[in-house]
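Undergrad: Take a look at query_31.cif, mmCIF, C-alpha atoms:
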data_structure
#
loop_
_atom_site.label_atom_id
_atom_site.label_comp_id
_atom_site.auth_asym_id
_atom_site.auth_seq_id
_atom_site.Cartn_x
_atom_site.Cartn_y
_atom_site.Cartn_z
CA MET A 284 14.63 45.06 -23.16
CA LYS A 285 13.72 47.92 -20.87
CA LEU A 286 11.43 45.69 -18.83
CA ILE A 287 14.17 43.25 -17.81
CA LYS A 288 15.54 45.55 -15.13
CA PHE A 289 12.11 45.87 -13.56
CA PHE A 290 11.65 42.13 -13.71
CA ILE A 291 14.96 41.71 -11.84
CA VAL A 292 13.88 44.28 -9.22
CA GLY A 293 10.72 42.19 -8.81
CA VAL A 294 12.71 38.97 -8.38
CA VAL A 295 14.85 40.60 -5.67
CA PHE A 296 11.70 41.98 -4.03
CA GLY A 297 10.15 38.50 -4.01
CA ILE A 298 13.26 36.89 -2.53
CA VAL A 299 13.74 39.56 0.15
CA LEU A 300 10.11 39.55 1.30
CA THR A 301 10.06 35.75 1.43
CA LYS A 302 13.34 35.53 3.36
CA ALA A 303 12.30 38.38 5.67
CA GLU A 304 9.10 36.34 6.25
CA ALA A 305 7.10 39.50 5.60
CA VAL A 306 4.91 37.35 3.33
CA SER A 307 3.96 35.16 6.27
CA TRP A 308 0.50 35.38 7.83
CA TYR A 309 2.14 34.58 11.18
CA ARG A 310 4.50 37.57 11.04
CA ILE A 311 1.63 39.96 10.29
CA TYR A 312 -0.50 38.53 13.10
CA GLU A 313 2.45 38.69 15.49
CA MET A 314 2.99 42.33 14.50
CA PHE A 315 -0.62 43.35 15.13
CA MET A 316 -0.56 41.50 18.47
CA PHE A 317 2.57 43.53 19.42
CA GLN A 318 4.40 40.30 20.18
CA SER A 319 7.45 40.82 17.98
CA PHE A 320 9.75 43.58 16.84
CA HIS A 321 10.62 41.84 13.55
CA MET A 322 8.09 43.53 11.21
CA TYR A 323 8.41 46.92 12.91
CA GLY A 324 12.20 46.65 12.50
CA ILE A 325 11.82 45.89 8.78
CA ILE A 326 9.39 48.74 8.11
CA ALA A 327 11.37 51.25 10.22
CA THR A 328 14.70 50.35 8.57
CA ALA A 329 13.16 50.57 5.08
CA ILE A 330 11.72 54.01 5.88
CA PHE A 331 15.03 55.17 7.39
CA VAL A 332 16.91 54.12 4.23
CA GLY A 333 14.13 55.65 2.11
CA VAL A 334 14.05 59.01 3.90
CA THR A 335 17.85 59.30 3.69
CA GLY A 336 17.91 58.31 0.01
CA ILE A 337 15.04 60.57 -1.09
CA TYR A 338 16.60 63.49 0.85
CA LEU A 339 19.93 62.94 -0.95
CA ILE A 340 18.27 62.56 -4.37
CA LYS A 341 16.45 65.86 -3.87
CA LYS A 342 19.36 67.74 -2.32
CA LYS A 343 22.07 66.62 -4.75
CA ASP A 344 19.62 66.85 -7.66
CA ILE A 345 20.61 63.34 -8.77
CA GLN A 346 19.70 62.48 -12.37
CA GLY A 347 17.71 59.36 -13.18
CA PHE A 348 19.03 56.21 -14.84
CA LYS A 349 19.81 56.84 -18.56
CA GLY A 350 18.04 60.20 -18.50
CA ALA A 351 14.88 58.88 -16.82
CA GLU A 352 13.03 61.70 -15.10
CA ILE A 353 12.93 61.28 -11.33
CA ASN A 354 9.37 61.69 -10.29
CA ILE A 355 8.73 62.16 -6.57
CA GLN A 356 5.13 63.30 -6.24
CA ASP A 357 3.36 64.78 -3.28
CA LYS A 358 0.09 63.06 -2.36
CA ASP A 359 -3.16 65.05 -2.40
CA PHE A 360 -4.36 65.98 1.02
CA SER A 361 -7.57 64.50 2.43
CA TYR A 362 -8.73 62.67 5.52
CA SER A 363 -11.68 60.54 4.48
CA ARG A 364 -10.11 58.54 1.67
CA TYR A 365 -6.95 57.72 3.63
CA ILE A 366 -8.74 56.78 6.83
CA ILE A 367 -11.65 54.85 5.26
CA GLY A 368 -9.60 53.24 2.49
CA GLY A 369 -6.66 52.64 4.80
CA THR A 370 -8.80 50.98 7.46
CA MET A 371 -10.49 48.74 4.88
CA PHE A 372 -7.10 47.65 3.58
CA GLY A 373 -5.87 47.13 7.16
CA LEU A 374 -8.86 44.87 7.95
CA GLY A 375 -7.98 42.68 4.98
CA TRP A 376 -4.26 42.79 5.73
CA GLY A 377 -4.81 41.69 9.33
CA LEU A 378 -7.27 38.98 8.29
CA VAL A 379 -5.48 37.18 5.44
CA GLY A 380 -2.03 38.46 6.37
CA SER A 381 -0.92 39.74 3.00
CA CYS A 382 -0.69 43.08 1.28
CA PRO A 383 -0.69 43.38 -2.54
CA GLY A 384 3.07 42.63 -2.96
CA PRO A 385 3.00 39.39 -0.95
CA ILE A 386 -0.17 38.25 -2.77
CA PHE A 387 1.97 37.92 -5.92
CA ILE A 388 4.99 36.55 -4.07
CA LEU A 389 2.93 33.84 -2.33
CA ILE A 390 1.74 32.51 -5.69
CA GLY A 391 5.42 31.81 -6.42
CA ASN A 392 5.82 30.31 -2.96
CA GLY A 393 3.21 27.74 -3.86
CA VAL A 394 0.52 28.95 -1.47
CA PHE A 395 -2.17 28.42 -4.06
CA SER A 396 -5.10 29.43 -1.85
CA ILE A 397 -3.76 32.96 -2.21
CA CYS A 398 -5.30 32.95 -5.71
CA VAL A 399 -8.70 33.33 -4.02
CA VAL A 400 -7.34 36.37 -2.17
CA LEU A 401 -6.09 37.75 -5.51
CA LEU A 402 -9.50 37.10 -7.06
CA GLY A 403 -11.16 38.94 -4.16
CA ALA A 404 -8.68 41.79 -4.51
CA LEU A 405 -9.34 42.18 -8.23
CA LEU A 406 -13.08 42.11 -7.53
CA GLY A 407 -12.57 44.77 -4.85
CA THR A 408 -10.60 47.03 -7.17
CA TYR A 409 -13.20 46.53 -9.90
CA ILE A 410 -16.08 47.50 -7.58
CA TYR A 411 -14.03 50.48 -6.35
CA GLY A 412 -13.58 51.57 -9.98
CA ILE A 413 -17.35 51.50 -10.49
CA LEU A 414 -18.16 53.34 -7.26
CA LYS A 415 -15.21 55.75 -7.28
CA ASN A 416 -17.14 58.92 -8.14
CA LYS A 417 -19.81 58.20 -5.51
CA LEU A 418 -17.38 57.71 -2.62
CA PRO A 419 -16.09 60.51 -0.37
CA HIS A 420 -12.45 61.24 -1.23
CA MET B 243 69.93 7.53 8.50
CA VAL B 244 67.87 6.63 5.50
CA VAL B 245 65.11 5.17 7.61
CA LYS B 246 65.06 8.21 9.86
CA CYS B 247 64.83 10.51 6.89
CA ASP B 248 61.94 8.51 5.44
CA THR B 249 60.06 8.63 8.70
CA TYR B 250 60.54 12.33 8.79
CA VAL B 251 59.21 12.65 5.25
CA ILE B 252 56.22 10.52 6.11
CA PHE B 253 55.50 12.63 9.17
CA ALA B 254 55.82 15.80 7.16
CA LYS B 255 53.52 14.40 4.50
CA GLU B 256 50.93 13.36 7.07
CA LYS B 257 51.13 16.72 8.72
CA PHE B 258 50.66 18.39 5.36
CA ILE B 259 47.62 16.28 4.52
CA TYR B 260 46.22 16.87 7.97
CA GLU B 261 46.61 20.61 7.57
CA ILE B 262 45.07 20.61 4.12
CA GLU B 263 42.13 18.54 5.33
CA ASN B 264 41.73 20.78 8.29
CA LYS B 265 41.77 23.88 6.15
CA TYR B 266 39.33 22.32 3.69
CA SER B 267 36.87 21.28 6.35
CA ASN B 268 37.15 24.72 7.93
CA SER B 269 36.28 26.43 4.68
CA LYS B 270 33.52 23.92 4.18
CA ASN B 271 32.21 24.86 7.60
CA ASN B 272 32.38 28.51 6.60
CA ILE B 273 30.39 27.85 3.46
CA SER B 274 27.74 25.91 5.34
CA GLN B 275 27.64 28.68 7.91
CA TYR B 276 27.01 31.22 5.15
CA MET B 277 24.36 28.94 3.70
CA GLU B 278 22.70 28.69 7.08
CA VAL B 279 22.55 32.48 7.31
CA ILE B 280 20.92 32.64 3.87
CA GLN B 281 18.61 29.67 4.49
CA GLY B 282 17.36 30.99 7.81
CA THR B 283 15.25 34.07 8.54
CA TRP B 284 16.91 37.23 7.27
CA HIS B 285 17.55 39.79 9.97
CA TRP B 286 15.06 42.67 10.03
CA ALA B 287 17.83 45.23 9.50
CA VAL B 288 19.11 43.46 6.36
CA SER B 289 15.58 42.96 5.01
CA GLY B 290 14.51 46.52 5.74
CA PHE B 291 17.68 47.92 4.18
CA LEU B 292 17.09 45.93 0.98
CA ILE B 293 13.41 46.96 0.77
CA GLY B 294 14.42 50.61 1.20
CA LEU B 295 17.01 50.12 -1.53
CA ILE B 296 14.45 48.57 -3.91
CA MET B 297 12.26 51.66 -3.48
CA LEU B 298 15.24 53.96 -4.17
CA VAL B 299 16.32 51.96 -7.25
CA LEU B 300 12.79 52.33 -8.68
CA THR B 301 12.88 56.07 -7.96
CA TYR B 302 16.24 56.20 -9.76
CA PHE B 303 14.59 54.43 -12.73
CA GLY B 304 12.01 57.24 -12.76
CA LYS B 305 9.15 55.15 -11.29
CA THR B 306 7.22 55.01 -8.04
CA PHE B 307 7.20 51.88 -5.86
CA GLY B 308 3.60 50.71 -5.46
CA MET B 309 2.35 47.16 -5.82
CA SER B 310 -1.38 47.83 -5.46
CA SER B 311 -1.43 49.71 -8.79
CA ASN B 312 -1.06 46.29 -10.37
CA LEU B 313 -4.57 45.33 -9.23
CA ARG B 314 -5.88 48.25 -11.29
CA ASN B 315 -3.56 47.33 -14.17
CA ILE B 316 -4.80 43.74 -14.24
CA CYS B 317 -8.44 44.92 -14.10
CA SER B 318 -7.77 47.31 -16.95
CA LEU B 319 -6.04 44.75 -19.13
CA THR B 320 -8.71 42.16 -18.44
CA PHE B 321 -11.65 44.36 -19.34
CA GLY B 322 -9.85 46.37 -22.01
CA LYS B 323 -10.97 49.87 -22.82
CA SER B 324 -14.00 49.80 -20.60
CA LYS B 325 -16.66 52.38 -19.99
CA ILE B 326 -15.49 52.74 -16.42
CA GLU B 327 -13.38 55.85 -16.20
CA TYR B 328 -11.06 54.42 -13.56
CA PHE B 329 -9.91 51.62 -15.85
CA ASP B 330 -9.81 53.72 -19.00
CA PHE B 331 -6.07 54.35 -19.23
CA ASP B 332 -3.23 52.91 -21.24
CA TRP B 333 -2.07 49.98 -19.11
CA LYS B 334 0.91 49.54 -21.44
CA GLU B 335 2.54 52.47 -19.68
CA GLN B 336 2.34 50.38 -16.53
CA ARG B 337 4.05 47.38 -18.10
CA TRP B 338 7.11 48.03 -15.91
CA ASN B 339 4.95 47.54 -12.80
CA LEU B 340 3.48 44.30 -14.17
CA ALA B 341 7.08 43.17 -14.86
CA ILE B 342 7.81 43.73 -11.16
CA ALA B 343 4.75 41.67 -10.16
CA LEU B 344 5.86 38.86 -12.49
CA GLY B 345 9.38 39.09 -11.05
CA ALA B 346 7.94 38.95 -7.53
CA ILE B 347 6.19 35.66 -8.36
CA VAL B 348 9.47 34.23 -9.72
CA GLY B 349 11.40 35.61 -6.73
CA GLY B 350 8.97 33.94 -4.34
CA PHE B 351 9.44 30.67 -6.21
CA LEU B 352 13.27 30.90 -6.18
CA ALA B 353 13.36 31.82 -2.49
CA SER B 354 11.06 29.03 -1.38
CA TYR B 355 12.63 26.29 -3.51
CA PHE B 356 16.33 27.15 -3.21
CA LEU B 357 16.83 29.34 -0.16
CA MET B 358 14.40 27.98 2.38
CA ASP B 359 16.00 24.71 3.47
CA SER B 360 16.12 25.43 7.17
CA PRO B 361 14.08 24.13 10.09
CA ASP B 362 14.69 27.40 11.92
CA ILE B 363 12.46 29.65 9.85
CA LEU B 364 9.44 31.41 11.33
CA GLN B 365 10.57 31.38 14.93
CA ILE B 366 7.62 33.41 16.13
CA ASN B 367 6.91 34.41 19.70
CA PRO B 368 5.83 31.37 21.79
CA LYS B 369 3.10 33.59 23.23
CA THR B 370 1.71 34.09 19.72
CA ILE B 371 1.67 30.32 19.20
CA GLU B 372 -0.18 29.94 22.50
CA ASN B 373 -2.75 32.56 21.43
CA LEU B 374 -3.23 30.78 18.13
CA GLN B 375 -3.65 27.42 19.82
CA GLN B 376 -6.58 28.81 21.78
CA LEU B 377 -8.13 29.87 18.47
CA ASN B 378 -7.53 26.41 16.92
CA ILE B 379 -5.01 27.87 14.50
CA ASP B 380 -1.99 25.65 13.84
CA ALA B 381 1.62 26.74 14.60
CA PRO B 382 4.04 27.56 11.72
CA ASN B 383 6.40 24.50 11.79
CA GLY B 384 8.07 25.86 8.67
CA LYS B 385 4.85 26.91 6.87
CA LEU B 386 4.29 30.53 5.80
CA GLY B 387 0.59 30.49 6.63
CA PRO B 388 -1.66 28.38 8.86
CA ASP B 389 -3.55 25.42 7.41
CA ALA B 390 -6.61 26.75 9.25
CA MET B 391 -6.65 29.47 6.59
CA PHE B 392 -4.65 28.36 3.54
CA SER B 393 -4.93 24.58 3.26
CA LEU B 394 -6.75 23.24 0.23
CA GLU B 395 -9.28 21.37 2.41
CA ASN B 396 -10.09 24.66 4.06
CA LEU B 397 -10.33 26.41 0.71
CA PHE B 398 -13.15 24.06 -0.30
CA THR B 399 -15.33 24.93 2.67
CA ILE B 400 -17.77 27.83 2.35
CA LYS B 401 -16.37 29.56 5.43
CA GLY B 402 -12.73 29.10 4.39
CA PHE B 403 -13.37 30.29 0.86
CA PHE B 404 -15.25 33.40 1.91
CA ILE B 405 -12.68 34.45 4.53
CA LEU B 406 -10.02 34.53 1.81
CA LEU B 407 -12.32 36.17 -0.74
CA ILE B 408 -13.57 38.87 1.65
CA GLY B 409 -10.03 39.50 2.96
CA GLY B 410 -8.90 39.94 -0.63
CA PHE B 411 -11.91 42.16 -1.40
CA LEU B 412 -11.05 44.50 1.49
CA ILE B 413 -7.44 44.72 0.27
CA GLY B 414 -8.53 45.32 -3.32
CA PHE B 415 -11.14 47.93 -2.43
CA GLY B 416 -9.15 49.62 0.32
CA THR B 417 -5.81 50.13 -1.43
CA PRO B 418 -7.00 52.09 -4.48
CA TYR B 419 -9.37 54.06 -2.23
CA ALA B 420 -6.45 54.98 0.04
CA GLY B 421 -4.23 55.50 -3.01
CA GLY B 422 -1.63 52.93 -2.04
CA CYS B 423 -0.65 50.03 0.19
CA THR B 424 2.34 49.18 2.36
CA SER B 425 4.80 49.84 -0.46
CA GLY B 426 3.13 52.98 -1.84
CA HIS B 427 2.27 54.70 1.45
CA ALA B 428 4.27 53.15 4.30
CA ILE B 429 7.57 52.90 2.37
CA SER B 430 7.45 55.38 -0.57
CA GLY B 431 5.10 57.95 0.96
CA LEU B 432 6.63 58.10 4.42
CA SER B 433 10.13 58.22 2.89
CA ASN B 434 8.99 61.40 1.14
CA LEU B 435 7.56 62.65 4.48
CA GLN B 436 3.97 62.74 3.21
CA ILE B 437 1.30 63.51 5.83
CA PRO B 438 -1.43 61.79 3.73
CA SER B 439 0.66 58.61 3.81
CA LEU B 440 0.94 58.87 7.58
CA ILE B 441 -2.87 59.14 7.83
CA ALA B 442 -3.20 56.11 5.52
CA VAL B 443 -0.70 54.09 7.58
CA ILE B 444 -2.65 54.95 10.75
CA GLY B 445 -5.71 53.58 8.93
CA PHE B 446 -3.80 50.40 7.96
CA PHE B 447 -2.93 49.78 11.59
CA LEU B 448 -6.39 50.63 12.84
CA GLY B 449 -7.83 48.01 10.48
CA GLY B 450 -5.10 45.48 11.23
CA LEU B 451 -5.57 45.80 14.98
CA ILE B 452 -9.33 45.33 14.66
CA SER B 453 -8.74 42.20 12.57
CA ALA B 454 -6.11 40.63 14.83
CA HIS B 455 -7.78 41.47 18.15
CA PHE B 456 -11.49 41.14 17.29
CA LEU B 457 -12.24 39.59 13.89
CA ILE B 458 -9.83 36.64 14.07
CA PRO B 459 -10.99 35.57 17.58
CA LEU B 460 -14.59 36.03 16.42
CA ILE B 461 -14.10 33.89 13.31
CA PHE B 462 -11.79 31.18 14.68
CA GLY B 463 -12.51 31.12 18.44
CA SER B 464 -15.00 28.56 19.60
#
What does the file become when written as structure tokens?
TA:
Amino acid sequence: MKLIKFFIVGVVFGIVLTKAEAVSWYRIYEMFMFQSFHMYGIIATAIFVGVTGIYLIKKKDIQGFKGAEINIQDKDFSYSRYIIGGTMFGLGWGLVGSCPGPIFILIGNGVFSICVVLLGALLGTYIYGILKNKLPH
Amino acid sequence: MVVKCDTYVIFAKEKFIYEIENKYSNSKNNISQYMEVIQGTWHWAVSGFLIGLIMLVLTYFGKTFGMSSNLRNICSLTFGKSKIEYFDFDWKEQRWNLAIALGAIVGGFLASYFLMDSPDILQINPKTIENLQQLNIDAPNGKLGPDAMFSLENLFTIKGFFILLIGGFLIGFGTPYAGGCTSGHAISGLSNLQIPSLIAVIGFFLGGLISAHFLIPLIFGS
């Protein structure tokens, strides 16, 4: 099964984010209050590893797993969508303390109230899908 | 002579047992020390390294790390081939991403039930706890989120329910609008030195700061 390897990546992701406490509302609040280095350390280290890795993949022209095509895309340039969309996401992130990854992970953690957050998120994405062509991008 | 020899043998035997026991208890201590390291909060450097690695492994598999796409995938698979252009795509090509989301749920379960047996988790800044106390928000004490927000009693109040729903709505509306979340922009995008991702991350922080410094005191402060 080709999907098994992605499932395993997901399991590791869930374990790491739980053990790093990045799924915790408290850690997100503490980060936005500038009262801890923990989350900044996690994000900065991940980006450092990422920048180094992506640089090496591009420079050494590394081939993907079993002939998979490596697909590193540039993002389209714009201001409005990133600032407006980004700020909306940030408001939600700071309020309920979870981004889309942790929403799934917290279900496994047994924080069942997070299902309401997931419901709200699906509703939000659905409304975005309807309004997409009317919004400035 | 015989007696002396016996005593010597007994001493040697006792010494041997003592050494073995000592060695065993030492290794037992080592194991419990390792377990403590795993059971406690993982260091930010270890966690960040592993998250960076997860992103690189997905790139190596020919995919792009991005959890918020799953919100769109779930919408699309719930409503099927809908008339809405945004959801009119073949979600089956995104099955790998849904497999990650499913794995993440299982990973969260495994971590919390088998790797979380430590009283030392969530040692947040005492100042933060003090701030929260003033807002009538309970301290962690081993919980991932405050009861003031996530307890079931709170969920069944109108205010509690709508805070979670609106928070979720903002996440669900904001991430596809911005074209990604923490994983897609902050980790993947910035790793590829994308200016749009930097703008998005500035937006994330702008929103987060407004929430933490103004909205949360407004909602929870008396």
Undergrad: Hey, what's within 10 Å of Ala305 in chain A if we count all atoms listed in the file and toss same-chain stuff fewer than 3 positions away? As a list of chain:residue names, please?
TA: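 Within the cut-off, the hits are A:Val299, A:Leu300, A:Thr301, A:Lys302, A:Trp308, A:Tyr309, A:Arg310, A:Ile311, A:His321, A:Met322, A:Ile325, A:Ile326, A:Gly380, A:Ser381, A:Cys382, A:Gly384, A:Pro385, B:Trp286, B:Ser289, B:Leu386.
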Undergrad: Written as an MDAnalysis selection string, what is the full residue list that the PyMOL selection byres ((chain B) within 6 of (chain A)) yields on the file shown?
TA: chainID B and resid 283:284 286 289:291 293:294 302:304 309:310 313 328 338 341:342 345:351 353:354 386:387 392 406:407 409:417 419:420 429 433 438 442 445:451 453:454
Undergrad: Could you list as a PyMOL selection string every residue that has an atom within 10 Å of (-4.7, 44.4, -16.3), using the file's coordinates and counting all atoms listed in the file?
TA: (chain A and resi 405) or (chain B and resi 311-322+329+332-334+336-337+340)
Undergrad: Enter the distance from CA of Val279 in chain B to CA of Ile296 in chain B, in Å, rounded to one decimal.
TA: 21.2 Å
Undergrad: Fewer than 2 positions away in the same chain doesn't count, so skip those; otherwise give me all residues within 7 Å of range 356-359 of chain B, counting only C-alpha atoms, as a list in words.
TA: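 That gives Ile280, Gln281, Gly282, Leu352, Ala353, Ser354 and Pro361 of chain B.
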Undergrad: Could the residues in this selection be saved with C-alpha atoms as a PDB file, in the coordinates of the input?
TA:
ATOM      1  CA  ILE B 280      20.920  32.640   3.870  1.00  0.00           C
ATOM      2  CA  GLN B 281      18.610  29.670   4.490  1.00  0.00           C
ATOM      3  CA  GLY B 282      17.360  30.990   7.810  1.00  0.00           C
ATOM      4  CA  LEU B 352      13.270  30.900  -6.180  1.00  0.00           C
ATOM      5  CA  ALA B 353      13.360  31.820  -2.490  1.00  0.00           C
ATOM      6  CA  SER B 354      11.060  29.030  -1.380  1.00  0.00           C
ATOM      7  CA  PRO B 361      14.080  24.130  10.090  1.00  0.00           C
TER       8      PRO B 361
END
Undergrad: Quick check, in Å to one decimal: how far apart do CA of Tyr355 in chain B and CA of Ser425 in chain B lie?
TA: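 Spanning CA of Tyr355 in chain B to CA of Ser425 in chain B is a straight-line distance of 25.0 Å.
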